[in-house]
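Here is start_13.csv, consisting of CSV, C-alpha atoms:
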```csv
chain,number,residue,atom,x,y,z
Z,1,MET,CA,10.5,14.8,3.5
Z,2,MET,CA,7.0,15.0,2.1
Z,3,LYS,CA,4.5,14.3,4.8
Z,4,VAL,CA,0.7,13.8,4.4
Z,5,GLU,CA,-1.0,15.7,7.2
Z,6,LYS,CA,-3.9,13.9,8.8
Z,7,ILE,CA,-6.4,16.6,8.2
Z,8,SER,CA,-9.9,16.5,6.7
Z,9,GLU,CA,-8.8,18.0,3.3
Z,10,ASN,CA,-6.5,15.0,2.7
Z,11,MET,CA,-9.0,12.4,3.9
Z,12,VAL,CA,-10.1,9.9,1.2
Z,13,TYR,CA,-11.7,7.1,3.3
Z,14,GLN,CA,-13.1,6.9,6.7
Z,15,LYS,CA,-15.6,4.8,8.8
Z,16,PRO,CA,-19.0,5.3,7.2
Z,17,ARG,CA,-21.2,7.8,9.1
Z,18,LEU,CA,-24.0,5.2,9.7
Z,19,ILE,CA,-21.7,2.6,11.2
Z,20,THR,CA,-22.0,3.1,15.0
Z,21,ASN,CA,-19.1,3.3,17.4
Z,22,ASN,CA,-20.0,0.0,19.0
Z,23,THR,CA,-17.2,-2.6,18.7
Z,24,MET,CA,-18.5,-5.4,16.5
Z,25,HIS,CA,-18.9,-8.8,18.2
Z,26,TYR,CA,-17.9,-10.6,15.0
Z,27,CYS,CA,-14.7,-12.6,15.0
Z,28,PRO,CA,-11.5,-10.9,13.6
Z,29,GLY,CA,-11.7,-10.8,9.8
Z,30,CYS,CA,-15.4,-11.7,9.5
Z,31,SER,CA,-17.0,-10.7,6.2
Z,32,HIS,CA,-20.1,-9.4,8.0
Z,33,GLY,CA,-18.3,-6.2,9.0
Z,34,THR,CA,-17.3,-5.5,5.4
Z,35,VAL,CA,-20.8,-6.1,4.1
Z,36,HIS,CA,-22.3,-3.9,6.9
Z,37,LYS,CA,-19.9,-1.2,5.9
Z,38,ILE,CA,-20.9,-1.3,2.2
Z,39,VAL,CA,-24.6,-1.2,3.2
Z,40,ALA,CA,-24.0,1.8,5.6
Z,41,GLU,CA,-22.1,3.6,2.9
Z,42,LEU,CA,-24.7,3.1,0.3
Z,43,ILE,CA,-27.6,4.1,2.5
Z,44,ASP,CA,-25.7,7.3,3.3
Z,45,GLU,CA,-24.8,8.0,-0.3
Z,46,MET,CA,-28.3,7.4,-1.5
Z,47,GLY,CA,-29.8,9.6,1.2
Z,48,LEU,CA,-32.0,6.8,2.5
Z,49,GLU,CA,-31.1,7.1,6.2
Z,50,ASP,CA,-34.7,7.9,7.2
Z,51,ASN,CA,-36.3,5.8,4.6
Z,52,ALA,CA,-34.7,2.4,5.0
Z,53,VAL,CA,-36.0,-0.5,7.1
Z,54,ALA,CA,-33.8,-3.6,7.4
Z,55,VAL,CA,-34.7,-7.0,8.8
Z,56,SER,CA,-32.0,-8.8,10.8
Z,57,PRO,CA,-32.0,-12.6,11.0
Z,58,VAL,CA,-31.1,-15.1,13.6
Z,59,GLY,CA,-27.4,-16.0,13.4
Z,60,CYS,CA,-24.2,-14.1,13.9
Z,61,SER,CA,-25.7,-11.0,12.3
Z,62,VAL,CA,-28.7,-11.0,14.7
Z,63,LEU,CA,-27.1,-7.9,16.3
Z,64,ALA,CA,-26.7,-6.0,13.1
Z,65,TYR,CA,-29.0,-3.4,14.5
Z,66,ASN,CA,-26.3,-2.4,16.9
Z,67,TYR,CA,-23.9,-1.5,14.1
Z,68,ILE,CA,-25.9,0.2,11.3
Z,69,ASP,CA,-27.8,3.3,12.4
Z,70,ILE,CA,-31.1,2.8,10.5
Z,71,ASP,CA,-34.5,1.3,11.4
Z,72,TRP,CA,-34.4,-2.5,12.0
Z,73,VAL,CA,-36.8,-5.3,12.8
Z,74,GLN,CA,-35.4,-8.5,14.2
Z,75,ALA,CA,-37.2,-11.5,12.7
Z,76,ALA,CA,-37.8,-15.0,14.1
Z,77,HIS,CA,-35.3,-17.6,12.7
Z,78,GLY,CA,-35.7,-17.7,8.9
Z,79,ARG,CA,-38.8,-15.4,8.8
Z,80,ALA,CA,-37.0,-12.2,7.6
Z,81,PRO,CA,-38.5,-12.2,4.1
Z,82,ALA,CA,-42.0,-12.6,5.5
Z,83,ILE,CA,-41.5,-9.6,7.8
Z,84,ALA,CA,-40.0,-7.6,4.9
Z,85,THR,CA,-43.0,-8.5,2.8
Z,86,ALA,CA,-45.3,-6.9,5.3
Z,87,LEU,CA,-43.1,-3.9,5.8
Z,88,LYS,CA,-42.8,-3.2,2.1
Z,89,ARG,CA,-46.5,-3.7,1.4
Z,90,LEU,CA,-47.4,-1.3,4.3
Z,91,MET,CA,-44.8,1.3,3.3
Z,92,PRO,CA,-44.2,0.9,-0.4
Z,93,ASP,CA,-42.0,4.0,-0.7
Z,94,ARG,CA,-39.3,2.6,1.7
Z,95,LEU,CA,-36.2,0.6,1.0
Z,96,VAL,CA,-36.8,-2.7,2.7
Z,97,PHE,CA,-34.1,-5.3,2.8
Z,98,THR,CA,-33.3,-8.4,4.8
Z,99,TYR,CA,-29.8,-9.4,5.8
Z,100,GLN,CA,-29.5,-13.2,6.3
Z,101,GLY,CA,-27.0,-15.9,6.6
Z,102,ASP,CA,-27.1,-19.4,4.9
Z,103,GLY,CA,-28.5,-21.2,8.0
Z,104,ASP,CA,-31.3,-18.6,8.3
Z,105,LEU,CA,-32.1,-18.2,4.6
Z,106,ALA,CA,-31.3,-21.6,3.1
Z,107,ALA,CA,-32.2,-23.9,5.9
Z,108,ILE,CA,-34.9,-23.0,8.4
Z,109,GLY,CA,-36.2,-20.1,6.3
Z,110,THR,CA,-36.4,-21.9,2.9
Z,111,ALA,CA,-40.2,-21.7,2.7
Z,112,GLU,CA,-40.3,-17.9,3.5
Z,113,THR,CA,-37.5,-17.2,1.1
Z,114,ILE,CA,-38.9,-19.3,-1.8
Z,115,HIS,CA,-42.4,-17.8,-1.4
Z,116,SER,CA,-41.2,-14.2,-1.2
Z,117,LEU,CA,-39.3,-14.9,-4.5
Z,118,VAL,CA,-42.3,-16.5,-6.0
Z,119,ARG,CA,-44.5,-13.6,-5.1
Z,120,GLY,CA,-41.8,-11.2,-6.4
Z,121,GLU,CA,-42.0,-8.9,-3.4
Z,122,ASN,CA,-40.2,-5.6,-3.9
Z,123,ILE,CA,-37.6,-6.2,-1.3
Z,124,VAL,CA,-33.8,-6.8,-1.3
Z,125,ILE,CA,-32.5,-10.0,0.1
Z,126,ILE,CA,-28.8,-9.9,1.1
Z,127,PHE,CA,-27.6,-13.4,1.6
Z,128,ILE,CA,-24.3,-14.1,3.3
Z,129,ASN,CA,-23.2,-17.5,2.2
Z,130,ASN,CA,-20.3,-18.9,4.2
Z,131,ALA,CA,-21.2,-22.6,3.9
Z,132,ILE,CA,-21.4,-23.2,7.7
Z,133,TYR,CA,-23.4,-22.4,10.8
Z,134,GLY,CA,-21.0,-19.9,12.3
Z,135,MET,CA,-22.9,-18.8,15.4
Z,136,THR,CA,-23.6,-22.2,16.9
Z,137,GLY,CA,-20.1,-23.6,16.5
Z,138,GLY,CA,-19.5,-24.5,12.9
Z,139,GLN,CA,-22.0,-27.2,12.1
Z,140,MET,CA,-22.9,-28.3,8.5
Z,141,ALA,CA,-25.2,-25.9,6.6
Z,142,PRO,CA,-27.2,-26.8,3.5
Z,143,THR,CA,-24.6,-24.8,1.5
Z,144,THR,CA,-21.6,-26.7,3.0
Z,145,LEU,CA,-19.4,-28.0,0.2
Z,146,ILE,CA,-19.0,-31.7,-0.6
Z,147,GLY,CA,-16.1,-33.0,1.5
Z,148,GLN,CA,-16.0,-30.0,3.7
Z,149,LYS,CA,-15.2,-30.7,7.4
Z,150,THR,CA,-17.5,-29.2,9.9
Z,151,ALA,CA,-18.4,-30.0,13.6
Z,152,THR,CA,-21.2,-32.3,12.4
Z,153,THR,CA,-19.3,-33.7,9.4
Z,154,PRO,CA,-15.9,-34.4,10.9
Z,155,TYR,CA,-14.9,-36.7,8.0
Z,156,GLY,CA,-16.2,-34.2,5.4
Z,157,ARG,CA,-19.6,-33.8,3.9
Z,158,ASP,CA,-20.7,-37.2,2.5
Z,159,THR,CA,-23.3,-37.0,-0.2
Z,160,ALA,CA,-24.7,-40.4,0.6
Z,161,LEU,CA,-25.3,-39.3,4.2
Z,162,ASN,CA,-25.7,-35.5,4.0
Z,163,GLY,CA,-26.9,-34.9,0.5
Z,164,PHE,CA,-25.7,-32.2,-1.8
Z,165,PRO,CA,-25.1,-28.4,-1.4
Z,166,TYR,CA,-27.7,-26.2,-3.1
Z,167,LYS,CA,-27.4,-22.9,-4.8
Z,168,MET,CA,-30.0,-20.3,-3.7
Z,169,GLY,CA,-28.8,-17.9,-6.3
Z,170,GLU,CA,-29.7,-20.2,-9.2
Z,171,ILE,CA,-33.1,-21.0,-7.5
Z,172,ALA,CA,-33.9,-17.3,-7.1
Z,173,ALA,CA,-33.0,-16.6,-10.8
Z,174,MET,CA,-35.6,-19.1,-11.9
Z,175,MET,CA,-38.5,-17.1,-10.5
Z,176,PRO,CA,-40.3,-14.7,-12.9
Z,177,GLY,CA,-40.9,-12.2,-10.1
Z,178,VAL,CA,-37.2,-11.8,-9.4
Z,179,THR,CA,-35.5,-8.9,-11.2
Z,180,TYR,CA,-31.9,-9.1,-10.1
Z,181,VAL,CA,-29.7,-12.0,-8.9
Z,182,THR,CA,-26.0,-11.6,-8.4
Z,183,ARG,CA,-23.3,-13.4,-6.5
Z,184,GLN,CA,-20.4,-11.3,-5.1
Z,185,SER,CA,-17.6,-11.5,-2.5
Z,186,VAL,CA,-15.8,-9.0,-0.3
Z,187,ASP,CA,-12.3,-10.5,-0.1
Z,188,LYS,CA,-10.4,-7.8,-2.1
Z,189,PRO,CA,-10.9,-4.1,-2.7
Z,190,ALA,CA,-12.0,-4.7,-6.3
Z,191,ALA,CA,-14.6,-7.3,-5.0
Z,192,VAL,CA,-15.8,-4.8,-2.4
Z,193,ARG,CA,-16.3,-2.2,-5.1
Z,194,ALA,CA,-18.2,-4.7,-7.3
Z,195,ALA,CA,-20.4,-5.8,-4.3
Z,196,LYS,CA,-21.2,-2.2,-3.5
Z,197,LYS,CA,-22.3,-1.6,-7.1
Z,198,ALA,CA,-24.5,-4.8,-7.0
Z,199,ILE,CA,-26.2,-3.8,-3.7
Z,200,LYS,CA,-26.8,-0.3,-5.0
Z,201,LYS,CA,-28.6,-1.7,-8.0
Z,202,ALA,CA,-30.6,-4.0,-5.7
Z,203,PHE,CA,-31.6,-1.0,-3.5
Z,204,GLU,CA,-32.7,1.0,-6.5
Z,205,ASN,CA,-34.9,-1.9,-7.6
Z,206,SER,CA,-36.5,-2.0,-4.2
Z,207,ILE,CA,-37.2,1.8,-4.2
Z,208,GLY,CA,-38.5,1.6,-7.7
Z,209,CYS,CA,-40.7,-1.5,-6.9
Z,210,LYS,CA,-39.2,-3.5,-9.7
Z,211,GLY,CA,-39.4,-6.9,-8.1
Z,212,THR,CA,-37.2,-8.9,-5.8
Z,213,SER,CA,-33.4,-8.5,-5.8
Z,214,PHE,CA,-31.3,-11.2,-4.4
Z,215,VAL,CA,-27.6,-10.4,-3.6
Z,216,GLU,CA,-25.6,-13.4,-2.5
Z,217,ILE,CA,-22.2,-12.6,-0.9
Z,218,VAL,CA,-19.8,-15.6,-0.8
Z,219,ALA,CA,-18.2,-15.0,2.6
Z,220,THR,CA,-15.7,-16.5,5.0
Z,221,CYS,CA,-16.2,-17.9,8.5
Z,222,ASN,CA,-12.6,-18.3,9.7
Z,223,SER,CA,-13.7,-19.5,13.2
Z,224,GLY,CA,-16.0,-22.2,11.7
Z,225,TRP,CA,-13.5,-23.2,9.1
Z,226,LYS,CA,-10.6,-23.2,11.6
Z,227,LEU,CA,-8.4,-21.1,9.5
Z,228,SER,CA,-6.8,-17.6,9.9
Z,229,PRO,CA,-8.7,-14.7,8.3
Z,230,VAL,CA,-6.2,-14.4,5.4
Z,231,ALA,CA,-6.1,-18.2,4.9
Z,232,SER,CA,-9.9,-18.4,4.8
Z,233,ASN,CA,-10.0,-15.8,2.1
Z,234,ASP,CA,-7.5,-18.1,0.1
Z,235,TRP,CA,-9.6,-21.2,0.9
Z,236,MET,CA,-12.7,-19.4,-0.3
Z,237,ARG,CA,-11.1,-18.4,-3.6
Z,238,GLU,CA,-9.9,-22.0,-4.1
Z,239,ASN,CA,-12.9,-24.0,-3.0
Z,240,MET,CA,-16.0,-21.8,-2.8
Z,241,PHE,CA,-15.7,-19.8,-6.0
Z,242,PRO,CA,-15.8,-23.0,-8.3
Z,243,GLU,CA,-19.0,-24.1,-6.6
Z,244,TYR,CA,-20.5,-20.6,-6.2
Z,245,PRO,CA,-19.2,-18.7,-9.3
Z,246,LEU,CA,-19.3,-14.9,-8.9
Z,247,GLY,CA,-21.2,-12.6,-11.3
Z,248,ASP,CA,-24.8,-11.6,-12.3
Z,249,LEU,CA,-27.2,-14.6,-12.7
Z,250,LYS,CA,-30.1,-12.5,-13.8
Z,251,ASN,CA,-30.5,-8.8,-14.6
Z,252,ASN,CA,-33.9,-7.6,-15.8
Z,253,GLY,CA,-33.7,-4.2,-14.1
I,1,MET,CA,7.2,15.3,-11.0
I,2,ALA,CA,3.9,15.1,-9.1
I,3,LYS,CA,3.8,12.4,-6.6
I,4,ILE,CA,0.8,11.0,-4.7
I,5,LYS,CA,1.4,10.0,-1.2
I,6,GLY,CA,-0.8,8.6,1.5
I,7,THR,CA,-1.0,7.7,5.1
I,8,ILE,CA,-3.4,5.9,7.4
I,9,GLU,CA,-4.7,6.3,10.9
I,10,VAL,CA,-5.7,3.1,12.8
I,11,ASP,CA,-8.2,3.0,15.6
I,12,ILE,CA,-5.9,0.9,17.7
I,13,GLN,CA,-8.4,-0.2,20.4
I,14,LYS,CA,-10.9,-1.4,17.8
I,15,CYS,CA,-8.4,-3.3,15.5
I,16,LYS,CA,-8.8,-7.1,15.9
I,17,GLY,CA,-5.5,-7.9,14.1
I,18,CYS,CA,-7.2,-10.0,11.4
I,19,ALA,CA,-4.5,-8.9,8.9
I,20,VAL,CA,-6.8,-8.9,5.9
I,21,CYS,CA,-5.6,-5.3,5.2
I,22,VAL,CA,-2.0,-6.5,5.3
I,23,SER,CA,-2.8,-9.2,2.6
I,24,VAL,CA,-4.3,-6.7,0.2
I,25,CYS,CA,-1.8,-3.8,0.5
I,26,PRO,CA,-0.2,-3.4,-2.9
I,27,THR,CA,2.9,-1.7,-1.6
I,28,LYS,CA,3.3,-3.8,1.6
I,29,VAL,CA,3.5,-0.8,4.0
I,30,ILE,CA,1.4,-2.2,6.8
I,31,GLU,CA,1.8,-5.2,9.0
I,32,LEU,CA,0.7,-6.4,12.4
I,33,GLY,CA,2.9,-4.8,15.1
I,34,ALA,CA,4.5,-6.4,18.1
I,35,LYS,CA,2.4,-4.4,20.6
I,36,VAL,CA,-1.1,-5.4,21.6
I,37,ASN,CA,-4.2,-3.3,22.4
I,38,ASP,CA,-6.3,-3.6,25.5
I,39,LYS,CA,-8.1,-6.6,24.1
I,40,GLY,CA,-4.8,-8.4,23.4
I,41,TYR,CA,-4.9,-8.1,19.6
I,42,ASN,CA,-1.7,-7.2,17.7
I,43,TYR,CA,-2.9,-4.1,15.9
I,44,VAL,CA,-1.9,-3.0,12.5
I,45,VAL,CA,1.0,-0.5,12.1
I,46,MET,CA,2.6,1.3,9.2
I,47,LEU,CA,6.1,0.1,8.4
I,48,ASN,CA,7.2,2.6,5.8
I,49,GLU,CA,5.0,5.6,5.5
I,50,ASP,CA,6.9,6.8,2.4
I,51,ASP,CA,5.6,3.9,0.2
I,52,CYS,CA,1.9,4.4,1.0
I,53,ILE,CA,0.0,5.5,-2.1
I,54,GLY,CA,-3.3,6.2,-0.3
I,55,CYS,CA,-5.3,3.7,-2.4
I,56,ALA,CA,-7.6,2.9,0.6
I,57,GLY,CA,-7.6,-0.8,-0.2
I,58,CYS,CA,-6.8,-1.6,3.4
I,59,ALA,CA,-9.7,0.5,4.7
I,60,MET,CA,-12.1,-0.9,2.1
I,61,VAL,CA,-11.6,-4.6,3.2
I,62,CYS,CA,-11.4,-3.8,7.0
I,63,PRO,CA,-14.4,-5.5,8.6
I,64,ASP,CA,-14.3,-3.2,11.7
I,65,SER,CA,-13.8,0.1,9.8
I,66,VAL,CA,-10.8,1.0,11.9
I,67,ILE,CA,-8.7,2.6,9.1
I,68,THR,CA,-8.9,6.2,8.0
I,69,VAL,CA,-6.9,7.0,4.8
I,70,TYR,CA,-5.4,10.4,3.9
I,71,LYS,CA,-3.9,11.2,0.5
I,72,LYS,CA,-2.1,14.3,-0.9
I,73,LYS,CA,-0.5,15.2,-4.3
I,74,PHE,CA,2.9,16.8,-4.1
I,75,GLU,CA,4.1,18.9,-7.0
```
Is it possible to express this structure as structure tokens?
Amino acid sequence: MMKVEKISENMVYQKPRLITNNTMHYCPGCSHGTVHKIVAELIDEMGLEDNAVAVSPVGCSVLAYNYIDIDWVQAAHGRAPAIATALKRLMPDRLVFTYQGDGDLAAIGTAETIHSLVRGENIVIIFINNAIYGMTGGQMAPTTLIGQKTATTPYGRDTALNGFPYKMGEIAAMMPGVTYVTRQSVDKPAAVRAAKKAIKKAFENSIGCKGTSFVEIVATCNSGWKLSPVASNDWMRENMFPEYPLGDLKNNG
Amino acid sequence: MAKIKGTIEVDIQKCKGCAVCVSVCPTKVIELGAKVNDKGYNYVVMLNEDDCIGCAGCAMVCPDSVITVYKKKFE
């Protein structure tokens, strides 16, 4: 029988070098881990290990600095783009990116986000949109879909009471200082490849000081949505993708 | 005829049994096993090593980076 030996010559895929050996605190199947992996792979491939500074948010990914072995700053809730602005202005040759969830970026940090985009800072904003506050127990977020049940909208999001979800990607695309806006997901191998390509382009824009790049990742929160990881991927394809369609929204790079 | 075969190695103690890898495997060679790891998760196991094509799809979607993929071409 033909057997594939588990030796380094035959190895085609392994844990990225920059992902630490710490066990991630994320729930099983959480999209954060996959996005962390893409970021770690890219920084390694682009040789930016000593030249990258990331800003972690408040939310589930607050501990991202435990998992990707690069320089990190942890910002106050929603203030990551403001910290990133300072970092990039002081060290213009560095890759500076923020990694934020929808509660951080689209709720409490709206002012910082909008004004970084307005100023066209040369940073990358990675926005994980899972339509819920995952860390605090699944409350409604600004991006929660109409009719979606959460801890604070137990009968579904009602527009008369809770308003409408808003699309940060489209808002970012309106700003003249923003170079690149894209919306991706990480539910399938093909989607992971596409997301990696998109984040690579965004990183190149930051290094080349070409304006702000905004990468939205439509993600799952299986604990918040009360579904299994596989079922939440299906739910995301069925319900999230029509509201948040994937693809490039702006590409001036 | 040349045939490409693959195999995977799973970091059993780090696997959280989310089964996202199982759902994307094109040849259905992996599934959650009956045994659990120290944390109580049913970790992923290979059912039929012969059918693995080493596409690395499982490893790519694994949020916890627990899968290492090996591939070899047989003449």
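Here CA of Val178 in chain Z is placed at a distance of 17.1 Å from CA of Pro92 in chain Z.
The space separating CA of Lys5 in chain I from CA of Cys52 in chain I comes to 6.0 Å.
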Determine, for each residue of chain I having at least one atom at most 7 Å from an atom of chain Z, the closest pair of atoms and their separation in Å to one decimal, counting all atoms listed in the file; order by chain and ascending number, as CSV.
```
residue,atom,partner,partner_atom,distance
I:Lys5,CA,Z:Val4,CA,6.8
I:Gly6,CA,Z:Val4,CA,6.1
I:Thr7,CA,Z:Val4,CA,6.4
I:Lys14,CA,Z:Thr23,CA,6.5
I:Lys16,CA,Z:Pro28,CA,5.2
I:Gly17,CA,Z:Pro28,CA,6.7
I:Cys18,CA,Z:Gly29,CA,4.8
I:Ala19,CA,Z:Val230,CA,6.7
I:Val20,CA,Z:Val230,CA,5.6
I:Ser23,CA,Z:Val230,CA,6.8
I:Val24,CA,Z:Lys188,CA,6.6
I:Ala56,CA,Z:Tyr13,CA,6.5
I:Gly57,CA,Z:Pro189,CA,5.3
I:Met60,CA,Z:Pro189,CA,5.9
I:Val61,CA,Z:Pro189,CA,6.0
I:Cys62,CA,Z:Thr34,CA,6.3
I:Pro63,CA,Z:Gly33,CA,4.0
I:Asp64,CA,Z:Gly33,CA,5.7
I:Ser65,CA,Z:Lys15,CA,5.1
I:Val66,CA,Z:Lys15,CA,6.9
I:Ile67,CA,Z:Gln14,CA,6.6
I:Thr68,CA,Z:Gln14,CA,4.5
I:Val69,CA,Z:Tyr13,CA,5.0
I:Tyr70,CA,Z:Met11,CA,4.1
I:Lys71,CA,Z:Asn10,CA,5.1
I:Lys72,CA,Z:Asn10,CA,5.7
```
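Going from CA of Cys15 in chain I to CA of Leu63 in chain Z covers 19.3 Å.
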**Item:** Residues near Pro26 in chain I, cut-off 10 Å, all atoms listed in the file, skip fewer than 5 positions along chain, as JSON, numbers by chain
**Value:** {"I": [21, 51, 52, 53, 55, 57, 58]}
**Message:** Restricting the calculation to all atoms listed in the file: of Z:Ile43, Z:Val118, Z:Val62, Z:Ile70, which residue gets closest to Tyr99 in chain Z?
**Reply:** Z:Val62
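Minimum distance to Leu87 in chain Z across Z:Leu117, Z:Val55, Z:Leu227, Z:Ile207 (counting only C-alpha atoms) occurs at Z:Val55.
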Residues within 8 Å of range 165-170 of chain Z, all atoms listed in the file, excluding chain neighbours under 4 positions, as a compact mmCIF listing (two decimals) with C-alpha atoms, in the coordinates of the input:
```
# COMPACT_ATOMS: atom_id res chain seq x y z
CA ALA Z 106 -31.30 -21.60 3.10
CA PRO Z 142 -27.20 -26.80 3.50
CA THR Z 143 -24.60 -24.80 1.50
CA THR Z 144 -21.60 -26.70 3.00
CA LEU Z 145 -19.40 -28.00 0.20
CA ILE Z 146 -19.00 -31.70 -0.60
CA MET Z 174 -35.60 -19.10 -11.90
CA VAL Z 181 -29.70 -12.00 -8.90
CA THR Z 182 -26.00 -11.60 -8.40
CA ARG Z 183 -23.30 -13.40 -6.50
CA PHE Z 214 -31.30 -11.20 -4.40
CA GLU Z 216 -25.60 -13.40 -2.50
CA TYR Z 244 -20.50 -20.60 -6.20
CA LEU Z 249 -27.20 -14.60 -12.70
```
**Message:** I need every residue sitting at most 9 Å from the point (-19.4, -15.1, 6.3) (coordinates as in the file, all atoms listed in the file considered), written as a VMD selection string.
**Reply:** chain Z and resid 30 to 32 101 to 102 128 to 132 134 217 to 222
**Message:** What's around range 28-34 of chain I at 6 Å? Count only C-alpha atoms, leave out sequence neighbours fewer than 3 positions away in its own chain, and write the answer as number ranges by chain.
**Reply:** I: 22, 25, 42-48
**Message:** Calculated over only C-alpha atoms, which of the candidates Z:Thr20, Z:Ser206, Z:Asn251, Z:Ser56 has the smallest distance to Thr98 in chain Z?
**Reply:**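 The shortest atom-to-atom distance to Thr98 in chain Z comes from Z:Ser56.
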**Item:** Contact residues around Lys73 in chain I with all atoms listed in the file at 8 Å, ignoring same-chain residues under 5 positions, as a list in words
**Value:**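 In the requested form, the answer reads Ala2, Lys3, Ile4 and Lys5 of chain I.
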**Request:** For each of Z:Val39, Z:Leu90, Z:Leu161, Z:Ile199, take the minimum atom-to-atom distance to Ile68 in chain Z, counting only C-alpha atoms, then give the residue where this is smallest.
**Result:** Z:Val39
